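Visitor: Have a peek at input_5.txt (compact mmCIF, C-alpha atoms).
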# COMPACT_ATOMS: atom_id res chain seq x y z
CA MET A 145 20.04 16.78 -18.26
CA SER A 146 18.41 14.30 -20.54
CA ASN A 147 16.37 11.64 -18.81
CA MET A 148 16.84 9.30 -21.75
CA THR A 149 18.01 5.85 -20.76
CA LYS A 150 21.52 4.93 -21.74
CA PRO A 151 21.75 2.40 -24.56
CA THR A 152 22.84 -1.05 -23.41
CA LEU A 153 26.01 -2.20 -25.08
CA GLN A 154 25.80 -5.54 -26.80
CA GLN A 155 28.58 -8.04 -26.12
CA SER A 156 29.04 -11.06 -28.28
CA HIS A 157 28.54 -14.67 -27.26
CA GLY A 158 29.36 -17.79 -29.20
CA PRO A 159 29.03 -21.55 -28.94
CA ALA A 160 29.78 -23.31 -25.65
CA TYR A 161 32.39 -25.64 -27.11
CA THR A 162 34.99 -25.83 -29.86
CA ARG A 163 37.05 -28.62 -31.40
CA ILE A 164 39.72 -29.29 -34.01
CA TYR A 165 38.09 -30.48 -37.24
CA ALA A 166 41.12 -31.53 -39.28
CA VAL A 167 44.90 -31.22 -39.55
CA GLY A 168 47.14 -30.60 -42.57
CA ALA A 169 50.92 -30.72 -42.99
CA ALA A 170 53.74 -29.63 -45.27
CA ARG A 171 57.37 -30.53 -44.67
CA GLY A 172 60.47 -29.18 -46.39
CA GLU A 173 61.11 -31.48 -49.37
CA ASN A 174 64.77 -32.18 -48.60
CA ALA A 175 65.80 -34.78 -46.02
CA VAL A 176 69.06 -33.51 -44.51
CA PRO A 177 70.98 -36.24 -42.63
CA ASN A 178 73.31 -35.46 -39.72
CA ASP A 179 76.35 -36.21 -41.89
CA ASP A 180 75.54 -33.16 -44.03
CA LEU A 181 75.84 -30.81 -41.04
CA ILE A 182 78.62 -32.18 -38.86
CA GLY A 183 81.66 -30.68 -40.66
CA PRO A 184 81.25 -27.01 -39.68
CA ILE A 185 80.33 -27.90 -36.07
CA ASP A 186 83.04 -30.57 -35.65
CA SER A 187 80.52 -33.18 -34.49
CA SER A 188 79.33 -36.66 -35.47
CA ASP A 189 76.15 -38.41 -36.49
CA GLU A 190 76.39 -40.53 -33.32
CA TRP A 191 76.71 -37.47 -31.04
CA ILE A 192 73.67 -35.75 -32.60
CA GLN A 193 71.56 -38.90 -32.40
CA GLN A 194 72.54 -39.56 -28.78
CA ARG A 195 71.95 -35.98 -27.64
CA THR A 196 68.81 -35.15 -29.65
CA GLY A 197 67.33 -38.29 -31.24
CA ILE A 198 67.49 -36.62 -34.67
CA ILE A 199 68.50 -38.83 -37.62
CA THR A 200 67.49 -36.43 -40.42
CA ARG A 201 65.57 -33.18 -40.58
CA THR A 202 63.38 -31.75 -43.36
CA ARG A 203 64.45 -28.51 -44.98
CA ALA A 204 62.91 -26.54 -47.81
CA GLY A 205 64.64 -25.47 -50.99
CA ALA A 206 65.70 -21.88 -51.65
CA ASP A 207 62.57 -21.23 -53.74
CA VAL A 208 60.13 -22.42 -51.03
CA SER A 209 59.20 -19.96 -48.25
CA ALA A 210 57.57 -20.46 -44.86
CA LEU A 211 54.53 -18.81 -46.47
CA ASP A 212 54.43 -21.54 -49.16
CA LEU A 213 54.63 -24.28 -46.52
CA ALA A 214 51.86 -22.57 -44.52
CA THR A 215 49.64 -22.38 -47.60
CA ASP A 216 50.09 -26.07 -48.47
CA ALA A 217 49.35 -27.22 -44.91
CA ALA A 218 46.31 -24.90 -44.71
CA ARG A 219 44.84 -26.21 -47.96
CA GLU A 220 45.02 -29.81 -46.72
CA ALA A 221 43.44 -28.93 -43.36
CA ILE A 222 40.58 -26.98 -45.00
CA GLU A 223 39.89 -29.73 -47.55
CA LYS A 224 39.76 -32.43 -44.84
CA SER A 225 37.65 -30.27 -42.49
CA GLY A 226 34.72 -29.94 -44.89
CA VAL A 227 34.47 -26.24 -43.97
CA ALA A 228 34.18 -23.94 -46.98
CA PRO A 229 37.18 -21.54 -46.95
CA GLU A 230 34.92 -18.49 -47.23
CA LEU A 231 33.37 -19.43 -43.85
CA ILE A 232 36.78 -19.12 -42.16
CA ASP A 233 36.86 -15.67 -40.58
CA LEU A 234 40.01 -15.96 -38.47
CA VAL A 235 43.52 -16.96 -39.56
CA ILE A 236 46.38 -17.11 -37.07
CA VAL A 237 49.90 -18.08 -38.12
CA ALA A 238 52.32 -18.93 -35.31
CA THR A 239 55.85 -18.28 -36.60
CA ILE A 240 59.25 -16.82 -35.80
CA SER A 241 60.49 -17.04 -39.39
CA ASN A 242 58.44 -14.55 -41.36
CA VAL A 243 61.38 -12.92 -43.12
CA GLN A 244 59.27 -9.83 -43.78
CA GLN A 245 58.34 -7.98 -40.60
CA THR A 246 55.11 -7.00 -42.33
CA PRO A 247 52.70 -7.86 -43.93
CA SER A 248 51.71 -10.79 -41.76
CA MET A 249 52.02 -14.27 -43.24
CA ALA A 250 48.45 -14.88 -42.06
CA ALA A 251 46.88 -12.18 -44.23
CA VAL A 252 48.56 -13.57 -47.36
CA VAL A 253 47.63 -17.17 -46.49
CA ALA A 254 44.01 -16.12 -45.87
CA ASP A 255 43.88 -14.66 -49.38
CA ARG A 256 45.64 -17.65 -50.96
CA VAL A 257 43.23 -20.20 -49.48
CA GLY A 258 40.05 -18.24 -50.22
CA ALA A 259 39.31 -16.96 -46.70
CA ASN A 260 39.43 -13.23 -47.58
CA PRO A 261 38.44 -10.98 -45.68
CA ALA A 262 39.18 -13.03 -42.53
CA ALA A 263 40.81 -11.37 -39.54
CA ALA A 264 44.43 -12.43 -39.89
CA TYR A 265 47.58 -12.00 -37.83
CA ASP A 266 50.87 -13.67 -36.95
CA ALA A 267 51.63 -14.75 -33.39
CA ASN A 268 55.22 -14.91 -32.18
CA ALA A 269 55.49 -17.20 -29.19
CA ALA A 270 58.27 -19.34 -30.65
CA CYS A 271 57.85 -23.06 -29.95
CA ALA A 272 54.72 -22.38 -27.86
CA GLY A 273 53.15 -20.43 -30.73
CA TYR A 274 50.82 -23.17 -31.93
CA ALA A 275 49.47 -23.83 -28.41
CA TYR A 276 48.99 -20.06 -27.98
CA ALA A 277 47.15 -19.80 -31.32
CA VAL A 278 44.86 -22.73 -30.44
CA ALA A 279 44.01 -20.97 -27.15
CA GLN A 280 43.18 -17.77 -29.04
CA ALA A 281 41.06 -19.49 -31.69
CA ASP A 282 39.12 -21.39 -29.00
CA ALA A 283 38.47 -18.21 -26.98
CA LEU A 284 37.55 -16.06 -29.98
CA ILE A 285 35.05 -18.60 -31.32
CA ARG A 286 33.43 -19.14 -27.92
CA THR A 287 33.00 -15.37 -27.48
CA GLY A 288 31.37 -15.08 -30.90
CA VAL A 289 34.11 -12.94 -32.42
CA ALA A 290 34.97 -15.64 -34.96
CA HIS A 291 33.06 -18.62 -36.35
CA TYR A 292 35.73 -20.84 -37.93
CA ALA A 293 39.47 -20.44 -37.45
CA LEU A 294 42.49 -21.61 -39.41
CA VAL A 295 45.48 -22.02 -37.08
CA ILE A 296 48.90 -22.64 -38.63
CA GLY A 297 52.37 -23.20 -37.21
CA ALA A 298 54.84 -22.43 -40.01
CA GLU A 299 58.62 -22.18 -39.97
CA LYS A 300 61.51 -22.10 -42.39
CA LEU A 301 64.19 -22.20 -39.71
CA SER A 302 66.94 -22.96 -42.21
CA ASP A 303 66.66 -19.22 -43.01
CA VAL A 304 67.71 -18.28 -39.47
CA VAL A 305 70.57 -20.69 -38.70
CA ASP A 306 74.34 -20.35 -38.78
CA PRO A 307 75.83 -23.63 -40.09
CA THR A 308 78.83 -23.18 -37.75
CA ASP A 309 76.66 -22.80 -34.62
CA ARG A 310 76.93 -25.78 -32.25
CA THR A 311 74.09 -24.73 -29.92
CA ILE A 312 70.92 -25.16 -31.99
CA SER A 313 71.41 -24.99 -35.78
CA PHE A 314 71.69 -28.76 -36.33
CA LEU A 315 68.37 -29.31 -34.51
CA LEU A 316 66.23 -27.21 -36.79
CA GLY A 317 63.97 -28.13 -39.71
CA ASP A 318 61.37 -26.54 -41.99
CA GLY A 319 57.66 -27.27 -42.15
CA ALA A 320 54.11 -26.17 -41.45
CA GLY A 321 51.13 -27.77 -39.74
CA ALA A 322 47.59 -26.41 -39.85
CA VAL A 323 44.25 -27.08 -38.19
CA VAL A 324 40.70 -25.85 -38.70
CA ILE A 325 38.88 -25.10 -35.44
CA GLY A 326 35.15 -24.52 -35.13
CA PRO A 327 32.05 -24.90 -32.96
CA SER A 328 31.37 -28.28 -31.37
CA ASP A 329 28.54 -30.17 -29.65
CA PHE A 330 31.02 -31.45 -27.05
CA PRO A 331 34.10 -30.00 -25.31
CA GLY A 332 37.03 -30.45 -27.72
CA ILE A 333 39.67 -28.01 -26.39
CA ALA A 334 40.31 -27.77 -22.64
CA ARG A 335 41.55 -24.68 -20.84
CA THR A 336 45.06 -23.68 -21.88
CA VAL A 337 47.76 -23.37 -19.22
CA TRP A 338 50.16 -20.76 -20.57
CA GLY A 339 52.71 -18.22 -19.46
CA SER A 340 56.25 -16.94 -19.77
CA ASP A 341 59.47 -16.34 -17.89
CA GLY A 342 61.12 -13.32 -19.47
CA SER A 343 63.89 -13.42 -16.86
CA LYS A 344 65.38 -16.29 -18.90
CA ALA A 345 64.87 -14.54 -22.25
CA GLY A 346 68.59 -14.77 -23.04
CA ALA A 347 68.59 -18.58 -22.91
CA VAL A 348 67.33 -19.00 -26.47
CA GLY A 349 66.80 -16.41 -29.19
CA MET A 350 68.45 -14.32 -31.87
CA ASN A 351 72.07 -13.28 -31.22
CA GLY A 352 71.65 -9.74 -32.50
CA THR A 353 69.18 -7.23 -33.91
CA LEU A 354 68.60 -6.05 -37.46
CA VAL A 355 69.55 -2.56 -36.31
CA ASP A 356 72.89 -3.85 -34.99
CA PHE A 357 73.44 -5.61 -38.32
CA ARG A 358 72.53 -2.47 -40.29
CA ASP A 359 74.98 -0.42 -38.21
CA GLY A 360 77.78 -2.96 -38.67
CA ALA A 361 77.78 -3.77 -34.94
CA ALA A 362 76.70 -7.42 -35.35
CA GLU A 363 76.63 -10.22 -37.88
CA TRP A 364 73.39 -11.27 -39.52
CA PRO A 365 71.19 -12.39 -36.56
CA THR A 366 70.74 -16.16 -36.18
CA LEU A 367 69.15 -18.39 -33.56
CA ARG A 368 71.25 -19.54 -30.56
CA GLN A 369 70.58 -21.27 -27.25
CA GLU A 370 72.11 -22.13 -23.91
CA GLY A 371 71.42 -25.83 -24.20
CA GLN A 372 71.71 -26.81 -20.54
CA THR A 373 69.53 -23.94 -19.29
CA VAL A 374 66.80 -24.74 -21.79
CA PHE A 375 67.02 -28.50 -21.18
CA ARG A 376 66.67 -28.13 -17.40
CA TRP A 377 63.81 -25.63 -17.72
CA ALA A 378 61.98 -27.85 -20.22
CA VAL A 379 62.37 -31.04 -18.21
CA TRP A 380 61.54 -29.71 -14.74
CA ASP A 381 59.25 -26.74 -15.22
CA MET A 382 57.37 -27.99 -18.29
CA ALA A 383 56.47 -31.35 -16.75
CA LYS A 384 54.67 -29.32 -14.05
CA VAL A 385 52.84 -27.30 -16.71
CA ALA A 386 51.80 -30.51 -18.48
CA LYS A 387 50.34 -31.82 -15.20
CA GLN A 388 48.50 -28.51 -14.69
CA ALA A 389 46.99 -28.86 -18.19
CA LEU A 390 45.70 -32.34 -17.30
CA ASP A 391 44.16 -30.92 -14.09
CA ALA A 392 42.60 -28.01 -16.03
CA ALA A 393 41.03 -30.54 -18.41
CA GLY A 394 39.75 -32.65 -15.52
CA VAL A 395 41.51 -35.77 -16.82
CA THR A 396 44.46 -37.96 -15.84
CA ALA A 397 47.40 -39.32 -17.81
CA ALA A 398 45.55 -42.65 -18.00
CA ASP A 399 42.69 -40.97 -19.94
CA LEU A 400 45.01 -39.85 -22.75
CA ALA A 401 45.22 -41.50 -26.15
CA ALA A 402 48.30 -39.45 -27.11
CA PHE A 403 51.00 -37.13 -25.81
CA ILE A 404 52.21 -34.57 -28.35
CA PRO A 405 54.95 -32.36 -26.93
CA HIS A 406 56.91 -29.79 -28.90
CA GLN A 407 59.56 -31.76 -30.79
CA ALA A 408 62.58 -30.10 -29.19
CA ASN A 409 64.72 -33.07 -28.24
CA MET A 410 64.02 -36.80 -27.86
CA ARG A 411 65.61 -36.85 -24.39
CA ILE A 412 63.19 -34.15 -23.21
CA ILE A 413 60.25 -36.14 -24.63
CA ASP A 414 61.41 -39.33 -22.87
CA GLU A 415 61.87 -37.48 -19.57
CA PHE A 416 58.37 -35.96 -19.88
CA ALA A 417 56.85 -39.41 -20.37
CA LYS A 418 58.58 -40.61 -17.19
CA GLN A 419 57.58 -37.64 -15.07
CA LEU A 420 53.96 -37.74 -16.25
CA LYS A 421 53.91 -41.52 -15.58
CA LEU A 422 52.30 -42.06 -18.97
CA PRO A 423 50.85 -45.57 -19.30
CA GLU A 424 52.05 -47.81 -22.16
CA THR A 425 48.70 -47.23 -23.88
CA VAL A 426 49.51 -43.56 -24.59
CA ALA A 427 50.97 -42.95 -28.06
CA ILE A 428 53.90 -40.52 -27.84
CA ALA A 429 54.75 -38.28 -30.81
CA ARG A 430 58.39 -38.69 -31.84
CA ASP A 431 58.33 -36.84 -35.14
CA ILE A 432 61.63 -35.13 -34.27
CA ALA A 433 63.65 -38.18 -35.45
CA THR A 434 63.01 -37.41 -39.12
CA THR A 435 61.57 -33.86 -39.14
CA GLY A 436 63.84 -32.10 -36.65
CA ASN A 437 62.75 -29.24 -34.42
CA THR A 438 60.35 -27.00 -36.39
CA SER A 439 59.44 -24.62 -33.53
CA ALA A 440 55.82 -23.43 -33.92
CA ALA A 441 55.11 -26.09 -36.57
CA SER A 442 56.24 -29.06 -34.51
CA ILE A 443 53.05 -29.95 -32.61
CA PRO A 444 50.67 -29.88 -35.60
CA LEU A 445 53.24 -31.72 -37.76
CA ALA A 446 53.66 -34.38 -35.06
CA THR A 447 49.86 -34.61 -34.71
CA HIS A 448 49.46 -35.11 -38.46
CA ARG A 449 52.04 -37.91 -38.53
CA LEU A 450 50.61 -39.62 -35.44
CA LEU A 451 47.10 -39.66 -36.96
CA GLU A 452 48.47 -40.92 -40.28
CA GLU A 453 50.25 -43.81 -38.56
CA HIS A 454 47.52 -44.45 -35.95
CA PRO A 455 44.11 -43.43 -37.36
CA GLU A 456 42.48 -45.21 -34.42
CA LEU A 457 43.61 -42.28 -32.19
CA SER A 458 40.96 -40.07 -33.81
CA GLY A 459 38.41 -38.99 -31.20
CA GLY A 460 40.84 -39.67 -28.34
CA LEU A 461 42.35 -37.13 -25.98
CA ALA A 462 45.80 -35.66 -26.62
CA LEU A 463 47.90 -33.55 -24.28
CA GLN A 464 49.95 -31.05 -26.28
CA ILE A 465 52.58 -28.72 -24.87
CA GLY A 466 54.80 -26.13 -26.52
CA PHE A 467 57.75 -24.40 -24.87
CA GLY A 468 60.65 -22.28 -26.05
CA ALA A 469 62.23 -18.89 -26.65
CA GLY A 470 61.01 -16.15 -24.44
CA LEU A 471 60.78 -18.38 -22.34
CA VAL A 472 57.13 -19.07 -23.16
CA PHE A 473 54.94 -22.10 -22.71
CA GLY A 474 51.43 -23.30 -23.47
CA ALA A 475 49.65 -26.61 -22.95
CA GLN A 476 46.13 -27.92 -23.45
CA VAL A 477 44.27 -31.21 -23.80
CA VAL A 478 42.37 -31.57 -27.10
CA VAL A 479 40.17 -34.15 -28.78
CA LEU A 480 42.04 -35.45 -31.83
CA PRO A 481 40.17 -34.93 -35.12
Could you show the structure in this file as structure tokens?
Guide:
Amino acid sequence: MSNMTKPTLQQSHGPAYTRIYAVGAARGENAVPNDDLIGPIDSSDEWIQQRTGIITRTRAGADVSALDLATDAAREAIEKSGVAPELIDLVIVATISNVQQTPSMAAVVADRVGANPAAAYDANAACAGYAYAVAQADALIRTGVAHYALVIGAEKLSDVVDPTDRTISFLLGDGAGAVVIGPSDFPGIARTVWGSDGSKAGAVGMNGTLVDFRDGAAEWPTLRQEGQTVFRWAVWDMAKVAKQALDAAGVTAADLAAFIPHQANMRIIDEFAKQLKLPETVAIARDIATTGNTSAASIPLATHRLLEEHPELSGGLALQIGFGAGLVFGAQVVVLP
């Protein structure tokens, strides 16, 4: 036997802290009012506004893809961050609407924005996707696997709706939000509280598979939900998760500058604010009124709008929480760029 000593494996270590440097956004160029959608679902503008808080939603034209929206949002975030695109070595796109199973949207975006040969992949965690991707970027930078990350939530949900569906189709919009994340001198992203409850997987998701469609056993798959199940889960279980995220960050609701929940439904947002006992001083993102529910894109889009309207929030703490199909959830407190 050799008496040579075994080589010691090197493991990577990175900076102690990370933060969000900048945020970019791209919304579908068409504003689609409720009146345009109510015929096939036998509804009314008043009903939609009362139940969801949505007045209009943004949707992209036929010639604009989720990939295009992702690219536009990414370019704005990179430009505002001051980080050279070639220094970005990780690109994560959170999406459920990549209409090609492969290649990933992320790899194409990385090339388009000048971040080749960054590690790039898509993450499918539905409406929690952005929070999941932020958690991954934070962890990968702090372990030294990546240096700068581009995180994008991008959806063209108008590609996956049935105009006659009364459960979810009228809620959905198109858009992309992007952030650049990198090393920081101070803690900028607190521990993420995340998880899933696959036992309720049937509550929101596609109503068939591509294989079923191919075999003539189902129509083209589109997104559906059991509204009451999702509403109750969001309101009761997600308020608890939001509180856990505050505890994990070591802060209270009174320390927040902003609350940026997934833009699922205005009633859910209002109920959250009540249950978290948010003080009047906390700005609450209500981007859903004119953007609609954009799944993985909703938190970064809402963040972008909030900072545009209230630049004084920059440097303050924001609690963000995503929740949706799967049923998956993720929440973390971040310092706003």
Visitor: Find the spatial neighbours of range 446-453 of chain A, counting only C-alpha atoms, within a cut-off of 7 Å - ignore same-chain residues fewer than 5 positions away - and output them as a ChimeraX atom specification.
Guide: /A:167-169,404,429,431,458
Visitor: To one decimal place, how far is CA of Arg201 in chain A from CA of Glu173 in chain A in Å?
Guide: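 Answer for the CA of Arg201 in chain A to CA of Glu173 in chain A separation: 10.0 Å.
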Visitor: Sorted by chain and rising residue number, list the residues of range 205-269 of chain A at most 12 Å from range 360-371 of chain A (counting all atoms listed in the file), each with its closest atom pair and distance in Å to one decimal, as a Markdown table.
Guide:
| residue | atom | partner | partner_atom | distance |
| --- | --- | --- | --- | --- |
| A:Ile240 | CA | A:Leu367 | CA | 10.3 |
| A:Ser241 | CA | A:Leu367 | CA | 10.5 |
| A:Val243 | CA | A:Pro365 | CA | 11.8 |
Visitor: Could you save the residues just selected, with C-alpha atoms, as a compact mmCIF listing (two decimals), in the coordinates of the input?
Guide:
# COMPACT_ATOMS: atom_id res chain seq x y z
CA ILE A 240 59.25 -16.82 -35.80
CA SER A 241 60.49 -17.04 -39.39
CA VAL A 243 61.38 -12.92 -43.12
Visitor: Please determine, counting all atoms listed in the file, which residue among A:Ile232, A:Ala320, A:Ala378, A:Val253 has the shortest atom-to-atom distance to His291 in chain A.
Guide: A:Ile232
Visitor: In Å, how far is it from CA of Gln407 in chain A to CA of Leu445 in chain A?
Guide: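 Atom-to-atom, CA of Gln407 in chain A and CA of Leu445 in chain A are spaced 9.4 Å apart.
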Visitor: Under the rule that only C-alpha atoms are counted, which of A:Ala469, A:Val348, A:Ile432, A:Ala281 is the nearest residue to Ile325 in chain A?
Guide: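 Of all the options, A:Ala281 lies closest to Ile325 in chain A.
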Visitor: For a quick check of your reading of the model, name the residues lying within 12 Å of the coordinate (51.5, -22.0, -36.1), counting only C-alpha atoms, and write them as an MDAnalysis selection string.
Guide: chainID A and resid 167:169 210:211 213:215 217:218 235:242 249:250 265:281 294:300 319:324 406 438:445 466
Visitor: Rank nothing, just name the residue among A:Ala402, A:Ile333, A:Ala389, A:Val379 nearest to Gly474 in chain A, using all atoms listed in the file.
Guide: A:Ala389
Visitor: Which value, in Å to one decimal, gives the distance between CA of Val385 in chain A and CA of Ile285 in chain A?
Guide: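 Answer for the CA of Val385 in chain A to CA of Ile285 in chain A separation: 24.6 Å.
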Visitor: Since the input lacks some atoms of range 220-230 of chain A, please model all heavy atoms and print them as a PDB file, keeping the file's coordinate frame.
Guide:
ATOM      1  N   GLU A 220      45.370 -28.433 -47.108  1.00  0.00           N
ATOM      2  CA  GLU A 220      45.020 -29.810 -46.720  1.00  0.00           C
ATOM      3  C   GLU A 220      44.041 -29.812 -45.547  1.00  0.00           C
ATOM      4  O   GLU A 220      43.049 -30.551 -45.548  1.00  0.00           O
ATOM      5  CB  GLU A 220      46.272 -30.619 -46.354  1.00  0.00           C
ATOM      6  CG  GLU A 220      45.914 -32.076 -46.057  1.00  0.00           C
ATOM      7  CD  GLU A 220      47.024 -32.880 -45.395  1.00  0.00           C
ATOM      8  OE1 GLU A 220      48.175 -32.398 -45.313  1.00  0.00           O
ATOM      9  OE2 GLU A 220      46.740 -34.012 -44.944  1.00  0.00           O
ATOM     10  N   ALA A 221      44.311 -28.978 -44.535  1.00  0.00           N
ATOM     11  CA  ALA A 221      43.440 -28.930 -43.360  1.00  0.00           C
ATOM     12  C   ALA A 221      42.021 -28.507 -43.738  1.00  0.00           C
ATOM     13  O   ALA A 221      41.033 -29.096 -43.275  1.00  0.00           O
ATOM     14  CB  ALA A 221      44.012 -27.992 -42.305  1.00  0.00           C
ATOM     15  N   ILE A 222      41.907 -27.490 -44.596  1.00  0.00           N
ATOM     16  CA  ILE A 222      40.580 -26.980 -45.000  1.00  0.00           C
ATOM     17  C   ILE A 222      39.831 -28.062 -45.788  1.00  0.00           C
ATOM     18  O   ILE A 222      38.655 -28.332 -45.524  1.00  0.00           O
ATOM     19  CB  ILE A 222      40.725 -25.691 -45.834  1.00  0.00           C
ATOM     20  CG1 ILE A 222      41.268 -24.557 -44.965  1.00  0.00           C
ATOM     21  CG2 ILE A 222      39.390 -25.300 -46.451  1.00  0.00           C
ATOM     22  CD1 ILE A 222      41.716 -23.328 -45.736  1.00  0.00           C
ATOM     23  N   GLU A 223      40.525 -28.696 -46.716  1.00  0.00           N
ATOM     24  CA  GLU A 223      39.890 -29.730 -47.550  1.00  0.00           C
ATOM     25  C   GLU A 223      39.342 -30.857 -46.668  1.00  0.00           C
ATOM     26  O   GLU A 223      38.209 -31.308 -46.838  1.00  0.00           O
ATOM     27  CB  GLU A 223      40.906 -30.268 -48.549  1.00  0.00           C
ATOM     28  CG  GLU A 223      40.279 -31.077 -49.664  1.00  0.00           C
ATOM     29  CD  GLU A 223      41.327 -31.576 -50.659  1.00  0.00           C
ATOM     30  OE1 GLU A 223      42.264 -30.808 -50.976  1.00  0.00           O
ATOM     31  OE2 GLU A 223      41.212 -32.725 -51.084  1.00  0.00           O
ATOM     32  N   LYS A 224      40.160 -31.316 -45.711  1.00  0.00           N
ATOM     33  CA  LYS A 224      39.760 -32.430 -44.840  1.00  0.00           C
ATOM     34  C   LYS A 224      38.679 -32.023 -43.835  1.00  0.00           C
ATOM     35  O   LYS A 224      37.919 -32.866 -43.357  1.00  0.00           O
ATOM     36  CB  LYS A 224      40.982 -32.983 -44.092  1.00  0.00           C
ATOM     37  CG  LYS A 224      41.848 -33.882 -44.967  1.00  0.00           C
ATOM     38  CD  LYS A 224      43.253 -34.067 -44.451  1.00  0.00           C
ATOM     39  CE  LYS A 224      43.356 -34.740 -43.113  1.00  0.00           C
ATOM     40  NZ  LYS A 224      44.787 -34.962 -42.739  1.00  0.00           N
ATOM     41  N   SER A 225      38.609 -30.731 -43.505  1.00  0.00           N
ATOM     42  CA  SER A 225      37.650 -30.270 -42.490  1.00  0.00           C
ATOM     43  C   SER A 225      36.221 -30.230 -43.002  1.00  0.00           C
ATOM     44  O   SER A 225      35.275 -30.284 -42.216  1.00  0.00           O
ATOM     45  CB  SER A 225      38.027 -28.856 -42.012  1.00  0.00           C
ATOM     46  OG  SER A 225      37.704 -27.884 -42.996  1.00  0.00           O
ATOM     47  N   GLY A 226      36.065 -30.085 -44.322  1.00  0.00           N
ATOM     48  CA  GLY A 226      34.720 -29.940 -44.890  1.00  0.00           C
ATOM     49  C   GLY A 226      34.139 -28.544 -44.710  1.00  0.00           C
ATOM     50  O   GLY A 226      32.998 -28.283 -45.076  1.00  0.00           O
ATOM     51  N   VAL A 227      34.932 -27.627 -44.143  1.00  0.00           N
ATOM     52  CA  VAL A 227      34.470 -26.240 -43.970  1.00  0.00           C
ATOM     53  C   VAL A 227      34.860 -25.441 -45.215  1.00  0.00           C
ATOM     54  O   VAL A 227      36.022 -25.462 -45.636  1.00  0.00           O
ATOM     55  CB  VAL A 227      35.121 -25.602 -42.718  1.00  0.00           C
ATOM     56  CG1 VAL A 227      34.735 -24.129 -42.595  1.00  0.00           C
ATOM     57  CG2 VAL A 227      34.724 -26.362 -41.457  1.00  0.00           C
ATOM     58  N   ALA A 228      33.892 -24.759 -45.797  1.00  0.00           N
ATOM     59  CA  ALA A 228      34.180 -23.940 -46.980  1.00  0.00           C
ATOM     60  C   ALA A 228      35.121 -22.806 -46.574  1.00  0.00           C
ATOM     61  O   ALA A 228      34.912 -22.166 -45.532  1.00  0.00           O
ATOM     62  CB  ALA A 228      32.897 -23.365 -47.552  1.00  0.00           C
ATOM     63  N   PRO A 229      36.193 -22.554 -47.366  1.00  0.00           N
ATOM     64  CA  PRO A 229      37.180 -21.540 -46.950  1.00  0.00           C
ATOM     65  C   PRO A 229      36.574 -20.165 -46.698  1.00  0.00           C
ATOM     66  O   PRO A 229      37.039 -19.436 -45.820  1.00  0.00           O
ATOM     67  CB  PRO A 229      38.192 -21.518 -48.100  1.00  0.00           C
ATOM     68  CG  PRO A 229      37.616 -22.330 -49.202  1.00  0.00           C
ATOM     69  CD  PRO A 229      36.574 -23.227 -48.612  1.00  0.00           C
ATOM     70  N   GLU A 230      35.501 -19.823 -47.436  1.00  0.00           N
ATOM     71  CA  GLU A 230      34.920 -18.490 -47.230  1.00  0.00           C
ATOM     72  C   GLU A 230      34.210 -18.356 -45.880  1.00  0.00           C
ATOM     73  O   GLU A 230      33.896 -17.248 -45.447  1.00  0.00           O
ATOM     74  CB  GLU A 230      33.974 -18.106 -48.381  1.00  0.00           C
ATOM     75  CG  GLU A 230      32.804 -19.039 -48.596  1.00  0.00           C
ATOM     76  CD  GLU A 230      33.112 -20.186 -49.561  1.00  0.00           C
ATOM     77  OE1 GLU A 230      34.304 -20.490 -49.788  1.00  0.00           O
ATOM     78  OE2 GLU A 230      32.146 -20.776 -50.085  1.00  0.00           O
TER      79      GLU A 230
END
